[in-house]
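Just below is one structure, and these are the notes that go with it.
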Amino acid sequence: MQSDIERGISVATAPSLGKAQPQLIPASEEDLSYLKKFLTESGVFQSIGAGKDAPNSSYRHRNGLSKWQKSSLATWHSVLVSGDVILLTSLLLVMLPLFSPLQWVSGVFRGTSLEFIWSCLALLCWVVAMNVTQAQKLSYARSRFTGPCCTLFSLIIMGILLVFLSYFLLNIRFIISVQRELFFLVLAVPAFTLWRFVFASIMGLPSFHHRAVIIGSNPAGQTIAQELQRAKHVATTVLGFIDEDMVEKTGGDGLPLLGGRGVLRYLISQHVIDTIIIALDYSVNPELCKQAIKATQLGISVTPMPAAYESCTGKIPVEHVGDQWYAALPLQSESTHPLMYLCWKKALDLTCGIAGLLIVGLVLPIVALLISLDSPGPIFYSQERVGLKGKPFRIYKFRSMRQDAEIKGQAMWAARSDSRITRIGRFLRSTHLDELPQLFNVLRGDMSLIGPRPERAEFVANLEQTVPFYRSRLVVKPGLTGWAQVKYPYARSDNDALIKLQYDLYYIKRQSFMLDLSIILKTVIEVLSLRGS
């Protein structure tokens with residue numbers, strides 16, 4: 001599985017370096033004195049005897065907790081799965097007596113046998129639903145919003161599957177089966193929501209956070225430190241930087257520079273840290289990197305900065321991948337996704353495309369009248385954009401700018417308070433109603449409902465010269481909405497385009513059923529809150 005800072009960073013091993021024996025440089029007395037004082041003041045050590053390397057009994061008690069934390073990935077997952085199974089089984093046992101099997105036209109099975117088979121089918125449907133939604137993934141379960149949402153979708157999918165299997169395999173009357181599932185959802189939704197909320201709350205307690213150090217106080221190290229400090233559901237507390245080229249005792253964002261290899265060795269030997277984030281290229285300080293990698297033998301998690309940044313922020317750090325350029329590229333093309341996911345995407349495009357065009361037909365007379373009264377010009381606006389694999393196509397929108405918005409057709413970024421936007425156009429943009437005609441592009445196959453927003457050829461030509469990996473976003477169909485759209489406002493400059501590219505590349509690498517549903521929910525919230533530009 002992908003490494004994930006939100007569920008404890010996974011170990012990244014390097015077999016070619018595993019046999020290396022780095023020089024173990026002892027920490028100076030000055031460094032250790034400063035380190036012990038800092039750890040005591042920050043609460044990592046409650047107290048440490050002067051001149052002693054080993055922590056006292058109070059810390060040993062905490063160290064026992066730390067060892068439990070290191071193995072807690074499997075432990076947390078076991079607790080999550082066990083809790084789900086126990087709760088589901090309890091709900092099924094509560095339901096079974098409520099419906100007499102005499103109501104069913106069962107054919108072969110009757111009585112207890114039929115109840116038992118139905119329960120087994122329910123558990124099977126639950127397993128399938130969990131695999132589809134990945135609801136038992138710790139990175140989802142850690143969030144008090146995403147965790148219950150994933151479970152809700154799982155329950156709905158389970159109910160749909162169980163209705164059809166009960167009808168076709170057990171010959172249970174359709175209406176009886178639907179009644180059962182609705183009653184089950186009435187019981188299960190609040191029960192699972194409460195359970196997942198409690199689980200996420202406990203998992204997010206500071207006592208269960210992993211402690212980390214960042215190797216390298218360079219811009220890459222300071223970038224990941226900033227993101228970890230501002231993240232909402234991060235499971236890692238950063239103690240400071242490890243760097244041998246120290247001038248001051250404080251690095252970026254107030255985090256201390258703890259020391260070099262000697263300090264790192266001390267932190268590892270005393271079980272102070274659970275995680276090491278490497279923000280240095282191996283060639284810059286191979287001995288320090290070797291010592292960090294050797295820590296994996298003691299169960300300490302080690303991850304490169306790009307992987308930690310990606311999991312923490314939901315975007316790819318294209319400016320800091322360095323010689324790990326593969327971290328910014330999509331893992332697979334659109335055609336190599338699992339068949340189930342491709343079917344889901346196609347069904348979503350067709351369903352939303354048809355439903356959306358019906359809505360367009362209903363609002364078209366009103367919108368057309370308002371646009372015509374507000375400013376002279378056509379109702380619709382057409383523009384050439386770059387699509388899948390660089391193929392150009394024309395998108396369609398309700399016109400939201402003056403007809404003379406671009407002098408001599410020169411492409412221009414839209415400003416925050418753009419004077420070219422009409423009064424009705426400002427409303428259309430804030431509600432995203434101006435994008436509705438693009439559902440025609442979705443039905444025609446030029447676009448998908450979810451994906452990177454299509455850009456103009458002029459912008460693409462410029463950005464691929466200045467922004468690393470910009471062309472990579474063209475490996476999938478552009479979308480009406482996307483991860484970048486719900487995470488970041490409209491692009492108004494090359495820098496904005498860089499940030500949105502980071503989100504787009506994350507989506508391309510991690511496309512999934514749950515990520516798509518998350519984008520849809522966030523899009524609905526965005527539209528209802530009128531946060532468009």
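Chain identifiers are assigned as A, B, and so on, following the order in which chains appear in the structure tokens; residues are numbered from 1 within each chain, and ligands are numbered from 1 in order of appearance.
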10 Å contact set for Ile379 of chain A, only C-alpha atoms, chain neighbours under 6 positions out, as a ChimeraX atom specification: /A:364,367-372,397-400
Report as a PyMOL selection string all protein, DNA and RNA residues lying within 10 Å of Phe241 of chain A, evaluated on only C-alpha atoms, omitting residues in the same chain fewer than 5 positions from it. chain A and resi 212-218+221-222+225+246+249-252+255-260+264+276-277+279
Let me see the file: selected residues, N, CA and C atoms, as a PDB file, in the first residue's frame.
ATOM      1  N   ALA A 212       8.391  12.424  15.354  1.00  0.00           N
ATOM      2  CA  ALA A 212       9.234  12.365  14.159  1.00  0.00           C
ATOM      3  C   ALA A 212      10.320  13.419  14.216  1.00  0.00           C
ATOM      4  N   VAL A 213      11.384  13.148  13.477  1.00  0.00           N
ATOM      5  CA  VAL A 213      12.398  14.167  13.184  1.00  0.00           C
ATOM      6  C   VAL A 213      12.544  14.243  11.672  1.00  0.00           C
ATOM      7  N   ILE A 214      12.975  15.399  11.204  1.00  0.00           N
ATOM      8  CA  ILE A 214      13.185  15.620   9.774  1.00  0.00           C
ATOM      9  C   ILE A 214      14.675  15.757   9.530  1.00  0.00           C
ATOM     10  N   ILE A 215      15.201  14.906   8.673  1.00  0.00           N
ATOM     11  CA  ILE A 215      16.619  14.985   8.324  1.00  0.00           C
ATOM     12  C   ILE A 215      16.779  16.005   7.204  1.00  0.00           C
ATOM     13  N   GLY A 216      17.395  17.127   7.531  1.00  0.00           N
ATOM     14  CA  GLY A 216      17.596  18.197   6.566  1.00  0.00           C
ATOM     15  C   GLY A 216      16.760  19.420   6.908  1.00  0.00           C
ATOM     16  N   SER A 217      17.433  20.534   7.210  1.00  0.00           N
ATOM     17  CA  SER A 217      16.716  21.781   7.495  1.00  0.00           C
ATOM     18  C   SER A 217      16.686  22.679   6.269  1.00  0.00           C
ATOM     19  N   ASN A 218      16.815  22.067   5.108  1.00  0.00           N
ATOM     20  CA  ASN A 218      16.779  22.781   3.828  1.00  0.00           C
ATOM     21  C   ASN A 218      15.343  23.181   3.487  1.00  0.00           C
ATOM     22  N   GLY A 221      12.884  20.296   3.768  1.00  0.00           N
ATOM     23  CA  GLY A 221      12.574  19.939   5.152  1.00  0.00           C
ATOM     24  C   GLY A 221      11.648  20.938   5.813  1.00  0.00           C
ATOM     25  N   GLN A 222      11.876  22.221   5.561  1.00  0.00           N
ATOM     26  CA  GLN A 222      11.026  23.243   6.152  1.00  0.00           C
ATOM     27  C   GLN A 222       9.619  23.206   5.548  1.00  0.00           C
ATOM     28  N   ALA A 225       7.772  20.367   7.225  1.00  0.00           N
ATOM     29  CA  ALA A 225       7.513  20.750   8.617  1.00  0.00           C
ATOM     30  C   ALA A 225       6.304  21.685   8.698  1.00  0.00           C
ATOM     31  N   MET A 246      24.835  23.014  11.082  1.00  0.00           N
ATOM     32  CA  MET A 246      24.021  23.871  11.946  1.00  0.00           C
ATOM     33  C   MET A 246      24.781  25.151  12.277  1.00  0.00           C
ATOM     34  N   LYS A 249      20.355  27.200  16.631  1.00  0.00           N
ATOM     35  CA  LYS A 249      19.645  26.094  17.259  1.00  0.00           C
ATOM     36  C   LYS A 249      18.187  26.023  16.829  1.00  0.00           C
ATOM     37  N   THR A 250      17.762  26.952  15.988  1.00  0.00           N
ATOM     38  CA  THR A 250      16.370  26.964  15.558  1.00  0.00           C
ATOM     39  C   THR A 250      16.294  26.958  14.047  1.00  0.00           C
ATOM     40  N   GLY A 251      15.475  26.038  13.498  1.00  0.00           N
ATOM     41  CA  GLY A 251      15.266  25.977  12.066  1.00  0.00           C
ATOM     42  C   GLY A 251      14.010  26.743  11.690  1.00  0.00           C
ATOM     43  N   GLY A 252      13.425  26.392  10.558  1.00  0.00           N
ATOM     44  CA  GLY A 252      12.214  27.055  10.105  1.00  0.00           C
ATOM     45  C   GLY A 252      11.034  26.760  11.005  1.00  0.00           C
ATOM     46  N   LEU A 255      10.915  25.266  14.836  1.00  0.00           N
ATOM     47  CA  LEU A 255      11.368  23.926  15.203  1.00  0.00           C
ATOM     48  C   LEU A 255      12.871  23.947  15.442  1.00  0.00           C
ATOM     49  N   PRO A 256      13.357  23.262  16.478  1.00  0.00           N
ATOM     50  CA  PRO A 256      14.778  23.322  16.805  1.00  0.00           C
ATOM     51  C   PRO A 256      15.630  22.461  15.876  1.00  0.00           C
ATOM     52  N   LEU A 257      16.877  22.863  15.724  1.00  0.00           N
ATOM     53  CA  LEU A 257      17.883  22.017  15.087  1.00  0.00           C
ATOM     54  C   LEU A 257      18.505  21.181  16.207  1.00  0.00           C
ATOM     55  N   LEU A 258      18.187  19.899  16.229  1.00  0.00           N
ATOM     56  CA  LEU A 258      18.537  19.050  17.367  1.00  0.00           C
ATOM     57  C   LEU A 258      19.986  18.605  17.356  1.00  0.00           C
ATOM     58  N   GLY A 259      20.581  18.487  16.176  1.00  0.00           N
ATOM     59  CA  GLY A 259      21.951  18.023  16.079  1.00  0.00           C
ATOM     60  C   GLY A 259      22.161  17.184  14.842  1.00  0.00           C
ATOM     61  N   GLY A 260      23.293  16.450  14.830  1.00  0.00           N
ATOM     62  CA  GLY A 260      23.631  15.645  13.667  1.00  0.00           C
ATOM     63  C   GLY A 260      23.465  14.160  13.927  1.00  0.00           C
ATOM     64  N   LEU A 264      20.859  11.914  16.322  1.00  0.00           N
ATOM     65  CA  LEU A 264      19.945  10.948  15.713  1.00  0.00           C
ATOM     66  C   LEU A 264      20.141   9.569  16.330  1.00  0.00           C
ATOM     67  N   ILE A 276      11.145   8.851  10.914  1.00  0.00           N
ATOM     68  CA  ILE A 276      12.195   9.707  10.359  1.00  0.00           C
ATOM     69  C   ILE A 276      11.770  10.101   8.942  1.00  0.00           C
ATOM     70  N   ILE A 277      11.749  11.405   8.690  1.00  0.00           N
ATOM     71  CA  ILE A 277      11.428  11.915   7.351  1.00  0.00           C
ATOM     72  C   ILE A 277      12.719  12.430   6.731  1.00  0.00           C
ATOM     73  N   ALA A 279      14.585  14.526   4.113  1.00  0.00           N
ATOM     74  CA  ALA A 279      14.408  15.626   3.164  1.00  0.00           C
ATOM     75  C   ALA A 279      15.707  15.981   2.463  1.00  0.00           C
TER      76      ALA A 279
END
For Tyr341 of chain A: contacts at 12 Å, only C-alpha atoms, fewer than 2 positions along chain excluded, given as a PDB file with C-alpha atoms, in the first residue's frame:
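Below is the file that was written, selection_24.pdb:
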ATOM      1  CA  ASN A 131     -13.362  -3.234  -0.573  1.00  0.00           C
ATOM      2  CA  VAL A 132     -15.105  -0.853  -2.944  1.00  0.00           C
ATOM      3  CA  THR A 133     -15.110   2.128  -0.559  1.00  0.00           C
ATOM      4  CA  GLU A 334      -6.548   5.833 -17.485  1.00  0.00           C
ATOM      5  CA  SER A 335      -6.908   2.614 -19.497  1.00  0.00           C
ATOM      6  CA  THR A 336      -5.120   0.462 -16.882  1.00  0.00           C
ATOM      7  CA  HIS A 337      -7.451   1.165 -13.955  1.00  0.00           C
ATOM      8  CA  PRO A 338      -9.478  -1.746 -12.523  1.00  0.00           C
ATOM      9  CA  LEU A 339     -12.525  -2.623 -14.604  1.00  0.00           C
ATOM     10  CA  CYS A 343     -17.383   1.132 -15.033  1.00  0.00           C
ATOM     11  CA  TRP A 344     -18.056   3.410 -12.060  1.00  0.00           C
ATOM     12  CA  LYS A 345     -16.523   6.413 -13.852  1.00  0.00           C
ATOM     13  CA  LYS A 346     -18.478   5.762 -17.046  1.00  0.00           C
ATOM     14  CA  ALA A 347     -21.751   5.244 -15.181  1.00  0.00           C
ATOM     15  CA  LEU A 348     -21.131   8.428 -13.194  1.00  0.00           C
ATOM     16  CA  ARG A 510      -4.792   8.007  -6.334  1.00  0.00           C
ATOM     17  CA  GLN A 511      -8.033   7.805  -8.296  1.00  0.00           C
ATOM     18  CA  SER A 512     -10.543   5.746  -6.353  1.00  0.00           C
ATOM     19  CA  PHE A 513     -14.243   5.360  -5.659  1.00  0.00           C
ATOM     20  CA  MET A 514     -14.008   7.132  -2.300  1.00  0.00           C
ATOM     21  CA  LEU A 515     -11.867   9.983  -3.609  1.00  0.00           C
ATOM     22  CA  ASP A 516     -14.433  10.597  -6.359  1.00  0.00           C
TER      23      ASP A 516
END
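Distances here use only C-alpha atoms; by that measure, the residue among A:Gly425, A:Gly445, A:Val386, A:Gln291 closest to Arg471 of chain A is A:Val386.
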Just the alpha helix (DSSP H) stuff from segment 327-383 of chain A, please, per backbone DSSP, written as a PyMOL selection string. chain A and resi 339-374
Can those selected residues be exported to a file as a CSV table (one decimal), in the first residue's frame so that it contains N, CA and C atoms?
chain,number,residue,atom,x,y,z
A,339,LEU,N,-11.3,-2.7,-13.8
A,339,LEU,CA,-12.5,-2.6,-14.6
A,339,LEU,C,-13.7,-2.0,-13.8
A,340,MET,N,-13.8,-2.4,-12.5
A,340,MET,CA,-14.9,-1.9,-11.7
A,340,MET,C,-14.9,-0.4,-11.6
A,341,TYR,N,-13.7,0.2,-11.4
A,341,TYR,CA,-13.5,1.6,-11.3
A,341,TYR,C,-13.9,2.3,-12.6
A,342,LEU,N,-13.4,1.7,-13.8
A,342,LEU,CA,-13.7,2.3,-15.1
A,342,LEU,C,-15.2,2.3,-15.3
A,343,CYS,N,-15.9,1.2,-14.9
A,343,CYS,CA,-17.4,1.1,-15.0
A,343,CYS,C,-18.0,2.2,-14.2
A,344,TRP,N,-17.5,2.4,-13.0
A,344,TRP,CA,-18.1,3.4,-12.1
A,344,TRP,C,-17.9,4.8,-12.7
A,345,LYS,N,-16.7,5.1,-13.2
A,345,LYS,CA,-16.5,6.4,-13.9
A,345,LYS,C,-17.5,6.6,-15.0
A,346,LYS,N,-17.6,5.6,-15.9
A,346,LYS,CA,-18.5,5.8,-17.0
A,346,LYS,C,-19.9,5.9,-16.6
A,347,ALA,N,-20.4,5.1,-15.7
A,347,ALA,CA,-21.8,5.2,-15.2
A,347,ALA,C,-22.0,6.6,-14.6
A,348,LEU,N,-21.0,7.1,-13.8
A,348,LEU,CA,-21.1,8.4,-13.2
A,348,LEU,C,-21.2,9.5,-14.3
A,349,ASP,N,-20.4,9.4,-15.3
A,349,ASP,CA,-20.4,10.4,-16.4
A,349,ASP,C,-21.8,10.4,-17.1
A,350,LEU,N,-22.3,9.2,-17.4
A,350,LEU,CA,-23.5,9.2,-18.2
A,350,LEU,C,-24.7,9.6,-17.3
A,351,THR,N,-24.7,9.2,-16.0
A,351,THR,CA,-25.9,9.5,-15.2
A,351,THR,C,-25.9,11.0,-14.9
A,352,CYS,N,-24.8,11.6,-14.5
A,352,CYS,CA,-24.7,13.0,-14.2
A,352,CYS,C,-24.9,13.9,-15.5
A,353,GLY,N,-24.3,13.4,-16.6
A,353,GLY,CA,-24.5,14.1,-17.8
A,353,GLY,C,-25.9,14.2,-18.3
A,354,ILE,N,-26.6,13.1,-18.2
A,354,ILE,CA,-28.0,13.2,-18.7
A,354,ILE,C,-28.9,14.0,-17.7
A,355,ALA,N,-28.7,13.7,-16.4
A,355,ALA,CA,-29.4,14.5,-15.4
A,355,ALA,C,-29.1,16.0,-15.4
A,356,GLY,N,-27.8,16.3,-15.6
A,356,GLY,CA,-27.4,17.7,-15.7
A,356,GLY,C,-28.0,18.4,-16.9
A,357,LEU,N,-28.0,17.8,-18.0
A,357,LEU,CA,-28.6,18.4,-19.2
A,357,LEU,C,-30.1,18.7,-19.1
A,358,LEU,N,-30.8,17.8,-18.3
A,358,LEU,CA,-32.2,18.0,-18.0
A,358,LEU,C,-32.3,19.3,-17.2
A,359,ILE,N,-31.4,19.5,-16.2
A,359,ILE,CA,-31.5,20.7,-15.4
A,359,ILE,C,-31.2,21.9,-16.2
A,360,VAL,N,-30.2,21.8,-17.2
A,360,VAL,CA,-29.8,22.9,-18.1
A,360,VAL,C,-31.1,23.3,-18.9
A,361,GLY,N,-31.8,22.3,-19.3
A,361,GLY,CA,-33.0,22.6,-20.1
A,361,GLY,C,-34.1,23.4,-19.3
A,362,LEU,N,-34.1,23.1,-18.0
A,362,LEU,CA,-35.1,23.8,-17.1
A,362,LEU,C,-34.7,25.2,-16.8
A,363,VAL,N,-33.4,25.4,-16.6
A,363,VAL,CA,-32.9,26.8,-16.2
A,363,VAL,C,-32.5,27.6,-17.4
A,364,LEU,N,-32.4,27.0,-18.6
A,364,LEU,CA,-31.9,27.8,-19.7
A,364,LEU,C,-32.8,29.0,-20.0
A,365,PRO,N,-34.1,29.0,-20.1
A,365,PRO,CA,-34.9,30.2,-20.4
A,365,PRO,C,-34.6,31.3,-19.4
A,366,ILE,N,-34.5,31.0,-18.1
A,366,ILE,CA,-34.3,32.1,-17.1
A,366,ILE,C,-32.9,32.6,-17.3
A,367,VAL,N,-31.9,31.7,-17.4
A,367,VAL,CA,-30.5,32.2,-17.5
A,367,VAL,C,-30.3,33.0,-18.8
A,368,ALA,N,-30.8,32.5,-19.9
A,368,ALA,CA,-30.7,33.2,-21.1
A,368,ALA,C,-31.3,34.6,-21.1
A,369,LEU,N,-32.4,34.8,-20.4
A,369,LEU,CA,-33.0,36.1,-20.3
A,369,LEU,C,-32.2,37.0,-19.5
A,370,LEU,N,-31.6,36.5,-18.3
A,370,LEU,CA,-30.8,37.3,-17.5
A,370,LEU,C,-29.5,37.8,-18.1
A,371,ILE,N,-28.9,36.8,-18.9
A,371,ILE,CA,-27.6,37.2,-19.6
A,371,ILE,C,-27.9,38.2,-20.6
A,372,SER,N,-29.0,38.1,-21.4
A,372,SER,CA,-29.3,39.0,-22.5
A,372,SER,C,-29.6,40.4,-21.9
A,373,LEU,N,-30.3,40.5,-20.8
A,373,LEU,CA,-30.7,41.8,-20.2
A,373,LEU,C,-29.5,42.4,-19.6
A,374,ASP,N,-28.5,41.7,-19.1
A,374,ASP,CA,-27.4,42.2,-18.4
A,374,ASP,C,-26.3,42.8,-19.3
Please run DSSP on the backbone and report, as a PyMOL selection string, all residues within segment 102-235 of chain A that come out as strand (DSSP E). chain A and resi 210-215
Nearest-residue call for Thr236 of chain A, choices A:Tyr140, A:Phe440, A:Phe208, A:Tyr309, using only C-alpha atoms: A:Phe208
Contacts of Glu435 of chain A at 9 Å (only C-alpha atoms; same-chain gap of 3+ positions) as a PyMOL selection string: chain A and resi 396-398+428-429+432+438-439+480
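With atom CA of Gly451 of chain A on one side and atom CA of Pro468 of chain A on the other, the separation reads 19.2 Å.
You will find atom CA of Ser177 of chain A at 17.8 Å from atom CA of Val189 of chain A.
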